[in-house]
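Have a look at final.cif; it's mmCIF, C-alpha atoms and all ligand atoms:
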data_upload
loop_
_atom_site.label_atom_id
_atom_site.label_comp_id
_atom_site.auth_asym_id
_atom_site.auth_seq_id
_atom_site.Cartn_x
_atom_site.Cartn_y
_atom_site.Cartn_z
CA MET A 1 0.00 0.00 0.00
CA SER A 2 1.31 3.46 -0.85
CA GLU A 3 2.77 5.60 1.91
CA ILE A 4 3.14 9.35 2.38
CA LEU A 5 5.23 10.80 5.20
CA ILE A 6 4.60 14.38 6.27
CA ARG A 7 7.90 15.11 7.97
CA ASN A 8 9.33 17.47 10.52
CA ALA A 9 6.39 19.84 11.01
CA ALA A 10 6.91 22.64 13.51
CA ARG A 11 3.82 21.26 15.27
CA VAL A 12 1.41 18.42 14.68
CA VAL A 13 -1.91 19.18 16.37
CA THR A 14 -3.54 15.79 16.86
CA MET A 15 -6.88 16.64 18.57
CA ASP A 16 -6.58 13.27 20.32
CA ALA A 17 -8.14 12.73 23.76
CA GLY A 18 -5.15 14.40 25.48
CA ARG A 19 -5.01 17.16 22.82
CA THR A 20 -1.41 16.15 22.17
CA GLU A 21 0.78 18.43 20.07
CA VAL A 22 4.02 16.99 18.69
CA GLU A 23 6.91 19.37 18.17
CA GLY A 24 9.06 18.49 15.14
CA GLY A 25 6.34 15.97 14.33
CA ASP A 26 5.69 13.51 11.52
CA VAL A 27 2.50 11.93 10.22
CA LEU A 28 2.67 8.68 8.27
CA ILE A 29 -0.21 7.96 5.89
CA ARG A 30 -0.75 4.44 4.57
CA GLY A 31 -3.51 4.09 1.99
CA GLY A 32 -6.45 6.13 3.23
CA VAL A 33 -5.61 6.05 6.92
CA ILE A 34 -3.10 7.40 9.39
CA ALA A 35 -0.50 4.77 10.25
CA ALA A 36 1.56 6.71 12.81
CA VAL A 37 2.08 10.12 14.42
CA GLY A 38 5.36 10.90 16.16
CA GLN A 39 8.95 11.96 15.67
CA GLY A 40 11.64 10.46 13.44
CA LEU A 41 9.29 8.28 11.36
CA ALA A 42 10.54 6.77 8.10
CA THR A 43 9.07 5.57 4.80
CA ARG A 44 10.08 4.21 1.42
CA GLY A 45 7.14 6.10 -0.06
CA THR A 46 6.62 9.79 -0.77
CA VAL A 47 8.04 12.37 1.64
CA VAL A 48 6.42 15.77 2.15
CA GLU A 49 8.71 18.14 4.04
CA ALA A 50 6.80 20.31 6.51
CA GLN A 51 9.39 22.56 8.17
CA GLY A 52 7.78 25.76 9.39
CA CYS A 53 4.32 24.21 9.05
CA VAL A 54 1.53 23.39 11.46
CA VAL A 55 -0.24 20.13 10.63
CA THR A 56 -3.85 19.73 11.76
CA PRO A 57 -6.77 17.44 11.08
CA GLY A 58 -8.67 18.64 8.01
CA LEU A 59 -11.30 21.23 8.82
CA VAL A 60 -14.96 20.20 8.68
CA ASN A 61 -17.72 22.38 7.31
CA THR A 62 -21.20 21.45 8.54
CA HIS A 63 -23.44 23.99 6.81
CA HIS A 64 -23.35 25.34 3.28
CA HIS A 65 -25.48 25.97 0.21
CA LEU A 66 -22.85 25.48 -2.46
CA TYR A 67 -25.17 26.61 -5.27
CA GLN A 68 -25.15 30.13 -3.80
CA THR A 69 -21.58 30.75 -4.97
CA LEU A 70 -23.33 31.92 -8.16
CA THR A 71 -25.15 34.68 -6.28
CA ARG A 72 -22.45 36.33 -4.19
CA ALA A 73 -22.71 40.05 -3.58
CA VAL A 74 -26.02 40.48 -5.43
CA PRO A 75 -26.83 44.19 -5.04
CA GLY A 76 -30.46 43.79 -3.84
CA GLY A 77 -29.45 41.30 -1.15
CA GLN A 78 -26.31 42.94 0.18
CA ASP A 79 -27.89 44.85 3.03
CA ALA A 80 -31.15 43.00 3.68
CA LEU A 81 -32.26 40.99 6.72
CA LEU A 82 -32.87 37.24 6.30
CA PHE A 83 -36.41 37.23 4.95
CA GLY A 84 -35.86 40.22 2.61
CA TRP A 85 -32.58 38.69 1.44
CA LEU A 86 -34.36 35.44 0.58
CA LYS A 87 -37.11 37.23 -1.35
CA THR A 88 -34.47 39.01 -3.45
CA LEU A 89 -32.64 35.81 -4.34
CA TYR A 90 -35.43 33.27 -4.86
CA PRO A 91 -36.30 34.50 -8.42
CA ILE A 92 -32.63 34.25 -9.45
CA TRP A 93 -32.23 30.74 -8.01
CA ALA A 94 -35.39 29.69 -9.88
CA ARG A 95 -33.37 30.03 -13.12
CA PHE A 96 -30.70 27.50 -12.09
CA GLY A 97 -30.35 24.07 -13.70
CA PRO A 98 -27.98 21.05 -13.49
CA GLU A 99 -24.98 22.92 -14.97
CA GLU A 100 -25.34 25.80 -12.49
CA MET A 101 -25.55 23.30 -9.60
CA ARG A 102 -22.44 21.36 -10.65
CA VAL A 103 -20.21 24.34 -11.43
CA SER A 104 -21.25 26.36 -8.37
CA ALA A 105 -20.58 23.28 -6.22
CA LEU A 106 -17.11 22.84 -7.76
CA THR A 107 -16.39 26.50 -7.01
CA GLY A 108 -17.56 26.26 -3.41
CA LEU A 109 -15.75 23.00 -2.79
CA ALA A 110 -12.50 24.32 -4.25
CA GLU A 111 -12.75 27.42 -2.07
CA LEU A 112 -13.26 25.23 0.99
CA ALA A 113 -10.36 22.93 0.09
CA LEU A 114 -7.98 25.87 -0.26
CA SER A 115 -8.97 26.97 3.26
CA GLY A 116 -8.14 23.58 4.81
CA CYS A 117 -11.48 21.81 4.58
CA THR A 118 -11.43 18.06 3.92
CA MET A 119 -15.07 17.21 4.67
CA THR A 120 -18.15 19.29 4.03
CA SER A 121 -21.87 19.07 4.23
CA ASP A 122 -24.15 20.79 1.75
CA HIS A 123 -27.79 21.78 2.11
CA LEU A 124 -29.48 21.83 -1.30
CA TYR A 125 -33.17 22.60 -0.95
CA LEU A 126 -34.23 23.74 -4.42
CA TYR A 127 -34.28 21.70 -7.59
CA PRO A 128 -35.37 23.92 -10.48
CA ASN A 129 -35.20 22.93 -14.15
CA GLY A 130 -34.06 19.34 -13.66
CA ALA A 131 -31.34 20.01 -11.07
CA ARG A 132 -30.62 17.08 -8.72
CA LEU A 133 -28.55 16.34 -5.64
CA ASP A 134 -26.53 14.12 -7.98
CA ASP A 135 -25.05 17.24 -9.64
CA THR A 136 -23.27 18.26 -6.43
CA ILE A 137 -22.17 14.71 -5.63
CA ASP A 138 -20.50 14.58 -9.07
CA ALA A 139 -18.64 17.79 -8.20
CA ALA A 140 -17.42 16.44 -4.84
CA ARG A 141 -16.14 13.27 -6.50
CA GLU A 142 -14.31 15.33 -9.09
CA ILE A 143 -12.41 17.42 -6.57
CA GLY A 144 -12.05 14.57 -4.06
CA LEU A 145 -13.52 16.04 -0.86
CA ARG A 146 -15.41 13.94 1.67
CA PHE A 147 -19.02 14.95 1.19
CA HIS A 148 -22.20 14.91 3.29
CA PRO A 149 -24.83 16.30 0.90
CA THR A 150 -28.31 16.72 2.32
CA ARG A 151 -31.51 16.41 0.30
CA GLY A 152 -33.24 19.63 1.27
CA ALA A 153 -36.77 20.68 0.36
CA MET A 154 -39.30 23.49 0.32
CA SER A 155 -43.00 22.73 0.03
CA ILE A 156 -44.91 25.82 1.20
CA GLY A 157 -44.96 28.52 -1.45
CA THR A 158 -46.28 32.06 -1.32
CA SER A 159 -49.85 31.02 -2.17
CA ALA A 160 -49.92 28.79 0.92
CA GLY A 161 -48.52 31.47 3.23
CA GLY A 162 -44.85 30.45 2.90
CA LEU A 163 -41.87 32.55 1.90
CA PRO A 164 -40.57 30.99 -1.36
CA PRO A 165 -42.32 31.50 -4.73
CA ASP A 166 -44.59 28.65 -5.81
CA SER A 167 -42.25 27.87 -8.73
CA LEU A 168 -39.49 26.80 -6.31
CA VAL A 169 -41.47 24.45 -4.08
CA GLU A 170 -42.14 20.74 -4.61
CA ALA A 171 -45.02 18.45 -3.70
CA GLU A 172 -44.30 16.59 -0.46
CA PRO A 173 -44.81 13.04 -1.82
CA ALA A 174 -42.29 13.78 -4.59
CA ILE A 175 -39.82 15.16 -2.04
CA LEU A 176 -40.01 12.04 0.11
CA LYS A 177 -39.64 9.81 -2.94
CA ASP A 178 -36.49 11.63 -4.07
CA MET A 179 -35.10 11.61 -0.53
CA GLU A 180 -35.39 7.83 -0.58
CA ARG A 181 -33.83 7.65 -4.05
CA VAL A 182 -30.70 9.65 -3.15
CA VAL A 183 -30.14 7.77 0.10
CA ASP A 184 -30.39 4.42 -1.69
CA ALA A 185 -28.19 5.58 -4.54
CA PHE A 186 -25.41 7.39 -2.67
CA HIS A 187 -25.36 6.92 1.11
CA ASP A 188 -22.42 4.89 2.38
CA PRO A 189 -22.58 3.96 6.09
CA ALA A 190 -19.15 2.29 6.08
CA GLU A 191 -16.11 3.63 7.92
CA GLY A 192 -14.09 5.87 5.62
CA ALA A 193 -17.17 6.71 3.52
CA MET A 194 -16.62 9.50 1.00
CA VAL A 195 -20.36 10.22 0.64
CA ARG A 196 -23.05 10.19 3.29
CA VAL A 197 -26.48 11.60 2.53
CA GLY A 198 -28.70 13.42 5.02
CA LEU A 199 -32.31 14.64 4.89
CA ALA A 200 -32.92 18.35 5.30
CA PRO A 201 -36.24 20.15 4.85
CA CYS A 202 -35.13 23.76 4.42
CA SER A 203 -36.59 25.37 7.54
CA PRO A 204 -39.73 25.34 9.66
CA PHE A 205 -41.03 28.31 7.60
CA SER A 206 -40.79 26.61 4.19
CA VAL A 207 -42.15 23.08 4.79
CA SER A 208 -45.14 21.61 6.62
CA ARG A 209 -45.13 20.01 10.04
CA ASP A 210 -46.00 16.73 8.28
CA LEU A 211 -42.92 16.84 6.07
CA MET A 212 -40.68 17.53 9.08
CA ARG A 213 -42.15 14.48 10.82
CA GLU A 214 -42.08 12.24 7.73
CA ALA A 215 -38.48 13.17 6.95
CA ALA A 216 -37.49 12.28 10.53
CA LEU A 217 -39.20 8.88 10.24
CA LEU A 218 -37.53 8.20 6.88
CA ALA A 219 -34.11 9.23 8.21
CA ARG A 220 -34.41 6.84 11.17
CA ASP A 221 -35.62 4.07 8.90
CA LYS A 222 -32.62 4.53 6.61
CA GLY A 223 -30.08 5.30 9.34
CA VAL A 224 -29.14 8.74 7.95
CA MET A 225 -28.85 12.14 9.62
CA LEU A 226 -31.25 15.10 9.75
CA HIS A 227 -30.41 18.74 9.21
CA THR A 228 -32.24 22.07 8.97
CA HIS A 229 -32.07 25.77 9.88
CA LEU A 230 -33.27 26.63 13.38
CA ALA A 231 -33.66 29.72 15.55
CA GLU A 232 -31.61 31.86 13.19
CA ASN A 233 -32.84 35.32 14.21
CA ASP A 234 -35.63 37.24 15.94
CA GLU A 235 -37.95 37.00 12.90
CA ASP A 236 -37.51 33.25 12.99
CA ILE A 237 -38.53 33.06 16.68
CA ALA A 238 -41.51 35.36 16.08
CA TYR A 239 -42.64 33.16 13.16
CA SER A 240 -42.40 30.03 15.30
CA LEU A 241 -44.40 31.58 18.15
CA ALA A 242 -47.07 32.92 15.77
CA GLN A 243 -47.42 29.85 13.52
CA PHE A 244 -46.69 26.98 15.88
CA GLY A 245 -47.41 28.51 19.29
CA CYS A 246 -44.02 27.47 20.63
CA ARG A 247 -40.31 28.22 20.43
CA PRO A 248 -38.16 26.42 17.80
CA GLY A 249 -36.64 23.99 20.32
CA GLN A 250 -40.07 22.76 21.33
CA TYR A 251 -41.12 22.49 17.68
CA ALA A 252 -38.03 20.42 16.89
CA GLU A 253 -38.51 18.15 19.88
CA ASP A 254 -42.21 17.54 19.12
CA LEU A 255 -41.41 16.45 15.56
CA GLY A 256 -38.54 14.11 16.39
CA TRP A 257 -35.87 16.60 15.39
CA THR A 258 -33.54 16.14 18.37
CA GLY A 259 -30.92 13.46 18.93
CA ALA A 260 -27.36 12.49 18.06
CA ASP A 261 -28.43 12.04 14.42
CA VAL A 262 -29.66 15.65 14.09
CA TRP A 263 -27.78 18.90 13.62
CA HIS A 264 -29.27 22.36 13.25
CA ALA A 265 -27.74 25.38 11.54
CA HIS A 266 -27.39 28.74 13.32
CA CYS A 267 -29.24 28.38 16.66
CA VAL A 268 -28.39 32.02 17.36
CA LYS A 269 -31.50 32.49 19.49
CA LEU A 270 -31.57 29.30 21.55
CA ASP A 271 -32.53 30.04 25.17
CA GLY A 272 -31.26 28.26 28.27
CA SER A 273 -33.82 25.47 28.21
CA GLU A 274 -33.21 24.84 24.51
CA ILE A 275 -29.47 24.63 25.14
CA ASP A 276 -30.18 22.05 27.88
CA LEU A 277 -32.42 20.14 25.44
CA PHE A 278 -29.66 20.02 22.83
CA ALA A 279 -27.07 18.92 25.42
CA ARG A 280 -29.36 16.24 26.87
CA THR A 281 -30.26 14.77 23.49
CA GLY A 282 -26.84 15.04 21.80
CA THR A 283 -28.25 17.35 19.12
CA GLY A 284 -25.55 19.17 17.15
CA VAL A 285 -25.20 22.81 16.11
CA ALA A 286 -23.61 24.25 12.96
CA HIS A 287 -22.42 27.68 14.06
CA CYS A 288 -22.14 30.12 11.13
CA PRO A 289 -20.55 33.29 12.54
CA CYS A 290 -19.88 35.18 9.27
CA SER A 291 -23.42 34.60 7.99
CA ASN A 292 -24.80 35.70 11.37
CA CYS A 293 -22.73 38.90 11.12
CA ARG A 294 -23.59 39.45 7.45
CA LEU A 295 -27.35 39.14 8.03
CA GLY A 296 -27.24 40.89 11.41
CA SER A 297 -28.79 37.84 13.06
CA GLY A 298 -26.89 38.12 16.33
CA ILE A 299 -24.20 36.22 18.24
CA ALA A 300 -24.90 32.53 18.87
CA PRO A 301 -24.41 31.49 22.52
CA VAL A 302 -21.53 29.18 21.66
CA ARG A 303 -19.78 29.61 25.00
CA ALA A 304 -22.95 28.62 26.87
CA MET A 305 -23.56 25.71 24.46
CA ARG A 306 -20.04 24.35 24.86
CA ASP A 307 -20.17 24.74 28.65
CA ALA A 308 -23.47 22.84 28.71
CA GLY A 309 -21.96 20.04 26.59
CA VAL A 310 -23.67 20.79 23.27
CA LYS A 311 -21.77 19.53 20.20
CA VAL A 312 -20.82 22.64 18.21
CA ALA A 313 -19.29 22.72 14.73
CA LEU A 314 -18.66 25.40 12.12
CA GLY A 315 -20.46 26.26 8.91
CA VAL A 316 -19.57 28.90 6.35
CA ASP A 317 -23.24 28.90 5.28
CA GLY A 318 -24.25 29.74 1.74
CA SER A 319 -21.95 31.94 -0.25
CA ALA A 320 -24.72 34.49 -0.75
CA SER A 321 -24.81 35.31 2.96
CA ASN A 322 -21.15 35.27 3.85
CA ASP A 323 -20.14 35.77 0.92
CA ALA A 324 -16.87 33.91 1.34
CA GLY A 325 -16.44 30.19 1.96
CA ASN A 326 -13.12 30.25 3.80
CA LEU A 327 -13.34 27.83 6.72
CA ILE A 328 -10.19 28.79 8.63
CA ALA A 329 -11.34 32.42 8.44
CA GLU A 330 -14.71 31.24 9.75
CA ALA A 331 -12.97 29.66 12.75
CA ARG A 332 -11.20 32.95 13.47
CA THR A 333 -14.51 34.82 13.30
CA ALA A 334 -16.12 32.29 15.65
CA MET A 335 -13.34 32.97 18.17
CA LEU A 336 -13.59 36.75 17.79
CA LEU A 337 -17.38 36.87 18.01
CA GLN A 338 -17.50 35.00 21.33
CA ARG A 339 -14.97 37.54 22.62
CA VAL A 340 -17.21 40.40 21.51
CA ALA A 341 -20.04 38.85 23.50
CA ARG A 342 -18.21 37.50 26.54
CA GLY A 343 -14.72 38.99 26.82
CA ALA A 344 -11.17 38.14 25.74
CA ASP A 345 -11.09 34.78 27.55
CA ALA A 346 -14.37 33.53 26.05
CA MET A 347 -12.72 31.36 23.40
CA SER A 348 -9.09 30.48 22.82
CA ALA A 349 -7.50 29.93 19.42
CA ARG A 350 -7.07 26.24 20.22
CA GLU A 351 -10.72 25.85 21.15
CA ALA A 352 -11.78 27.45 17.87
CA LEU A 353 -9.48 25.05 16.02
CA GLU A 354 -11.02 22.14 17.94
CA ILE A 355 -14.54 23.22 16.95
CA ALA A 356 -13.41 23.52 13.32
CA THR A 357 -11.93 19.99 13.20
CA LEU A 358 -12.98 17.49 15.86
CA GLY A 359 -16.17 19.42 16.56
CA GLY A 360 -17.28 19.10 12.95
CA ALA A 361 -16.49 15.40 12.77
CA ARG A 362 -18.53 14.80 15.93
CA VAL A 363 -21.54 16.75 14.68
CA LEU A 364 -21.52 14.76 11.42
CA GLY A 365 -21.24 11.47 13.31
CA ARG A 366 -17.75 10.73 11.98
CA SER A 367 -15.74 9.06 14.75
CA ASP A 368 -13.31 8.00 12.00
CA CYS A 369 -12.35 11.61 11.17
CA GLY A 370 -11.25 14.83 12.89
CA VAL A 371 -8.29 13.37 14.80
CA LEU A 372 -4.70 12.62 13.79
CA GLU A 373 -4.03 9.24 15.35
CA PRO A 374 -3.39 5.75 14.01
CA GLY A 375 -6.44 4.16 12.41
CA LYS A 376 -8.28 7.41 11.68
CA ARG A 377 -8.87 8.56 8.11
CA ALA A 378 -6.00 10.51 6.57
CA ASP A 379 -7.75 13.89 6.24
CA ILE A 380 -4.94 16.35 6.91
CA ALA A 381 -4.21 20.06 6.46
CA VAL A 382 -0.64 21.39 6.25
CA TRP A 383 -0.38 25.12 7.02
CA ASP A 384 2.73 27.08 6.12
CA LEU A 385 3.44 29.46 9.00
CA SER A 386 6.71 30.72 7.54
CA GLY A 387 5.09 33.55 5.56
CA ILE A 388 4.55 37.20 6.36
CA GLU A 389 1.26 36.72 8.24
CA ALA A 390 2.85 34.82 11.11
CA ALA A 391 6.37 36.27 10.99
CA GLY A 392 7.39 36.91 14.60
CA ALA A 393 4.80 34.58 16.11
CA TRP A 394 5.72 32.88 19.41
CA ASP A 395 3.07 30.16 19.33
CA LEU A 396 2.47 28.84 15.82
CA VAL A 397 -0.72 26.92 16.64
CA ALA A 398 -2.41 29.98 18.14
CA ALA A 399 -0.95 32.04 15.28
CA LEU A 400 -2.91 29.98 12.77
CA LEU A 401 -6.09 31.59 14.15
CA LEU A 402 -4.70 34.87 15.46
CA CYS A 403 -2.54 35.75 12.44
CA GLY A 404 -3.05 33.52 9.43
CA PRO A 405 -2.45 32.13 6.81
CA THR A 406 -5.98 31.71 5.46
CA ARG A 407 -4.92 29.26 2.75
CA VAL A 408 -3.61 25.76 3.24
CA ARG A 409 -0.30 24.67 1.68
CA ASP A 410 -1.18 21.00 1.29
CA LEU A 411 -4.39 19.07 1.81
CA PHE A 412 -4.94 15.32 1.94
CA VAL A 413 -8.33 13.62 1.89
CA GLU A 414 -8.43 9.86 2.47
CA GLY A 415 -4.67 9.96 1.93
CA ARG A 416 -4.99 11.56 -1.51
CA SER A 417 -3.50 14.92 -2.38
CA VAL A 418 -6.14 17.57 -3.19
CA VAL A 419 -4.05 20.73 -2.64
CA ARG A 420 -0.29 20.86 -3.17
CA GLY A 421 1.82 23.98 -2.80
CA GLY A 422 -1.34 26.09 -2.43
CA GLN A 423 -2.87 24.83 -5.69
CA ILE A 424 -5.76 22.45 -6.27
CA VAL A 425 -4.33 19.43 -8.09
CA THR A 426 -7.57 17.61 -8.89
CA LEU A 427 -9.24 20.39 -10.90
CA ASP A 428 -8.51 22.91 -13.61
CA LEU A 429 -9.37 25.77 -11.24
CA PRO A 430 -8.94 28.64 -13.75
CA GLY A 431 -11.34 26.79 -16.04
CA VAL A 432 -13.88 26.37 -13.22
CA ILE A 433 -13.68 30.09 -12.36
CA GLU A 434 -14.16 31.04 -16.01
CA THR A 435 -17.24 28.83 -16.38
CA GLN A 436 -18.62 30.06 -13.04
CA ASN A 437 -18.26 33.70 -14.11
CA HIS A 438 -19.84 32.92 -17.46
CA LEU A 439 -22.87 31.34 -15.72
CA ALA A 440 -23.13 34.29 -13.31
CA ARG A 441 -23.15 36.76 -16.21
CA ARG A 442 -25.90 34.74 -17.87
CA LEU A 443 -27.99 34.97 -14.68
CA MET A 444 -27.43 38.74 -14.54
CA ALA A 445 -28.67 39.19 -18.12
ZN ZN B 501 -28.12 28.15 5.55
#

Serialized structure, structure tokens:
Amino acid sequence: MSEILIRNAARVVTMDAGRTEVEGGDVLIRGGVIAAVGQGLATRGTVVEAQGCVVTPGLVNTHHHLYQTLTRAVPGGQDALLFGWLKTLYPIWARFGPEEMRVSALTGLAELALSGCTMTSDHLYLYPNGARLDDTIDAAREIGLRFHPTRGAMSIGTSAGGLPPDSLVEAEPAILKDMERVVDAFHDPAEGAMVRVGLAPCSPFSVSRDLMREAALLARDKGVMLHTHLAENDEDIAYSLAQFGCRPGQYAEDLGWTGADVWHAHCVKLDGSEIDLFARTGTGVAHCPCSNCRLGSGIAPVRAMRDAGVKVALGVDGSASNDAGNLIAEARTAMLLQRVARGADAMSAREALEIATLGGARVLGRSDCGVLEPGKRADIAVWDLSGIEAAGAWDLVAALLLCGPTRVRDLFVEGRSVVRGGQIVTLDLPGVIETQNHLARRLMA
């Protein structure tokens, strides 16, 4: 079996149970897994020199809408709150098709890979003009990232009192049928899986109570995970109280949307009892700090969640509400935002890095990822700290979050090279950017 030795890193951050960091450390990859972590390791295979680098587990992104890379910085949505922002973008998204889905996904995935991400989820909840979840899965295979796509859905259009236009919603029986199709076609429960499918009605304000319940039953039947948006901002809470007569946590609990197989995006407005509910049930949270800033949603109570034992991970969220998809930058923002809310000791650089790596793997139910130790999958980020950003740094691990860089030097997924020397090696990236810009111009016309 082929071997790769990452050798002589300034620090290897393992995220193992003791949070061990190895100075002058090596990581030996054999096939798709980590064979050894230590000092002075040897191989007859390929050697990757890592002097001046920090080596970490690959970062994990737990919330995204990759298709939105085609609607970044749209003028009408730049300064709107969540609901107004959505109403601006829905008519544009209604013009997407399979090509837009595949190319926008390639763009978003490449952006994530360059920022150290080895595994990402995606929440695709609209399927106009023949688009399918399959389009994004093709893109993930092409670039070689570990992928947890979720089959999203919207079923309540404007005429039924919902937010999205009727042209973007689907009938609920058809949604459930396609959910079953994509799970059967693509979900791999095995250790080391490159694709795992989840089920993800878009939000409580765009699908019926029945669909939420049916999706939960189907997910449990198939052994897949559940994902949606929850408690994102004040409008969201007001909608829940007015329409359902309860807060979002209660709504989720009543419909079977709590448990170790569920993770919710945002959760900015969870109160104390909802935080306890999430901790008690093992329900995960995808914290999306840049999106929360961008849409003025507020500061998620991440410190309180972590202290209560809630599993917290990071999400860059859709590229139309961030509008970047840089995951290491997202980790830095998560750290800074908790400090804005709770003071300079509210979150350390190392804790933010833990949330970005191990935290993400835990939320996605991947005990085989997120840690650099023998037997775990070889998903690894190599960060070059010898550049200008960190020049003069005393603690290179903290410097990764406090200073930079914001691009990875090398990235391995399942032991395969995806980024080398700061460049994606699995894609013609200039070609992808050109096609993406061409598609964006066509949407503007
Ligand atoms: Zn989202």

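Counting all atoms listed in the file and comparing A:Glu354, A:Asp379, A:Thr136, A:Cys403, the residue that lies closest to Thr107 of chain A is A:Thr136.
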
Using all atoms listed in the file: which of A:Ala313, A:Ile433, A:Ile380, A:Thr118 has the shortest distance to Leu358 of chain A |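 Checking each of A:Ala313, A:Ile433, A:Ile380, A:Thr118 against Leu358 of chain A, counting all atoms listed in the file, the winner is A:Ala313.
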
Within 7 Å of segment 272-287 of chain A, counting only C-alpha atoms, which residues show up once you throw out same-chain ones fewer than 2 positions away? Write them as number ranges by chain, please.
-> A: 62-63, 249, 258-260, 262-267, 270, 289, 305, 308-315, 363

For ligand ZN 501 (chain B), collect every residue having any atom at a distance of at most 7 Å from a ligand atom (counting only C-alpha atoms and all ligand atoms); output as a PyMOL selection string.
-> chain A and resi 63-65+229+265+317-318

Nearest candidate to Phe205 of chain A (options A:Glu142, A:Leu218, A:Ile156, A:Cys246; using all atoms listed in the file) |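 Of A:Glu142, A:Leu218, A:Ile156, A:Cys246, the one nearest Phe205 of chain A is A:Ile156, counting all atoms listed in the file.
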
Nearest-residue call for Tyr125 of chain A, choices A:Gly32, A:Pro164, A:Pro430, A:Gly45, using only C-alpha atoms =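 Checking each candidate against Tyr125 of chain A, we get A:Pro164 as the closest.
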
State, in Å with one decimal place, the distance from atom CA of Glu414 of chain A to atom CA of Glu389 of chain A.
-> 29.1 Å

Please, what distance in Å, to one decimal, runs between atom CA of Asp184 of chain A and atom CA of Leu226 of chain A?
-> 15.7 Å

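Remark: for Ala36 of chain A, the closest of the candidate residues A:Ala378, A:Met15, A:Ala216, A:Leu400 is A:Ala378 (distances computed over all atoms listed in the file).
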
Kindly output segment 206-210 of chain A as an mmCIF file, in the frame of the given file, after building all heavy atoms.
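Result went into result_35.cif, see below:
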data_model
loop_
_atom_site.group_PDB
_atom_site.id
_atom_site.type_symbol
_atom_site.label_atom_id
_atom_site.label_comp_id
_atom_site.auth_asym_id
_atom_site.auth_seq_id
_atom_site.Cartn_x
_atom_site.Cartn_y
_atom_site.Cartn_z
ATOM 1 N N SER A 206 -40.617 26.916 5.618
ATOM 2 C CA SER A 206 -40.790 26.610 4.190
ATOM 3 C C SER A 206 -41.265 25.187 3.927
ATOM 4 O O SER A 206 -41.390 24.799 2.773
ATOM 5 C CB SER A 206 -39.505 26.891 3.426
ATOM 6 O OG SER A 206 -38.424 26.229 4.021
ATOM 7 N N VAL A 207 -41.526 24.404 4.984
ATOM 8 C CA VAL A 207 -42.150 23.080 4.790
ATOM 9 C C VAL A 207 -43.214 22.877 5.867
ATOM 10 O O VAL A 207 -43.239 23.584 6.872
ATOM 11 C CB VAL A 207 -41.132 21.908 4.879
ATOM 12 C CG1 VAL A 207 -40.027 22.065 3.856
ATOM 13 C CG2 VAL A 207 -40.568 21.769 6.284
ATOM 14 N N SER A 208 -44.060 21.878 5.657
ATOM 15 C CA SER A 208 -45.140 21.610 6.620
ATOM 16 C C SER A 208 -44.616 20.795 7.804
ATOM 17 O O SER A 208 -43.557 20.160 7.726
ATOM 18 C CB SER A 208 -46.272 20.844 5.946
ATOM 19 O OG SER A 208 -45.879 19.488 5.778
ATOM 20 N N ARG A 209 -45.412 20.824 8.862
ATOM 21 C CA ARG A 209 -45.130 20.010 10.040
ATOM 22 C C ARG A 209 -45.070 18.523 9.642
ATOM 23 O O ARG A 209 -44.231 17.774 10.123
ATOM 24 C CB ARG A 209 -46.285 20.261 11.022
ATOM 25 C CG ARG A 209 -46.089 19.764 12.411
ATOM 26 C CD ARG A 209 -47.357 20.034 13.206
ATOM 27 N NE ARG A 209 -47.508 21.435 13.554
ATOM 28 C CZ ARG A 209 -47.244 21.926 14.763
ATOM 29 N NH1 ARG A 209 -46.846 21.129 15.717
ATOM 30 N NH2 ARG A 209 -47.408 23.205 15.018
ATOM 31 N N ASP A 210 -45.967 18.121 8.731
ATOM 32 C CA ASP A 210 -46.000 16.730 8.280
ATOM 33 C C ASP A 210 -44.690 16.318 7.613
ATOM 34 O O ASP A 210 -44.177 15.236 7.850
ATOM 35 C CB ASP A 210 -47.135 16.521 7.249
ATOM 36 C CG ASP A 210 -48.459 16.297 7.946
ATOM 37 O OD1 ASP A 210 -48.448 16.141 9.183
ATOM 38 O OD2 ASP A 210 -49.498 16.306 7.251
#
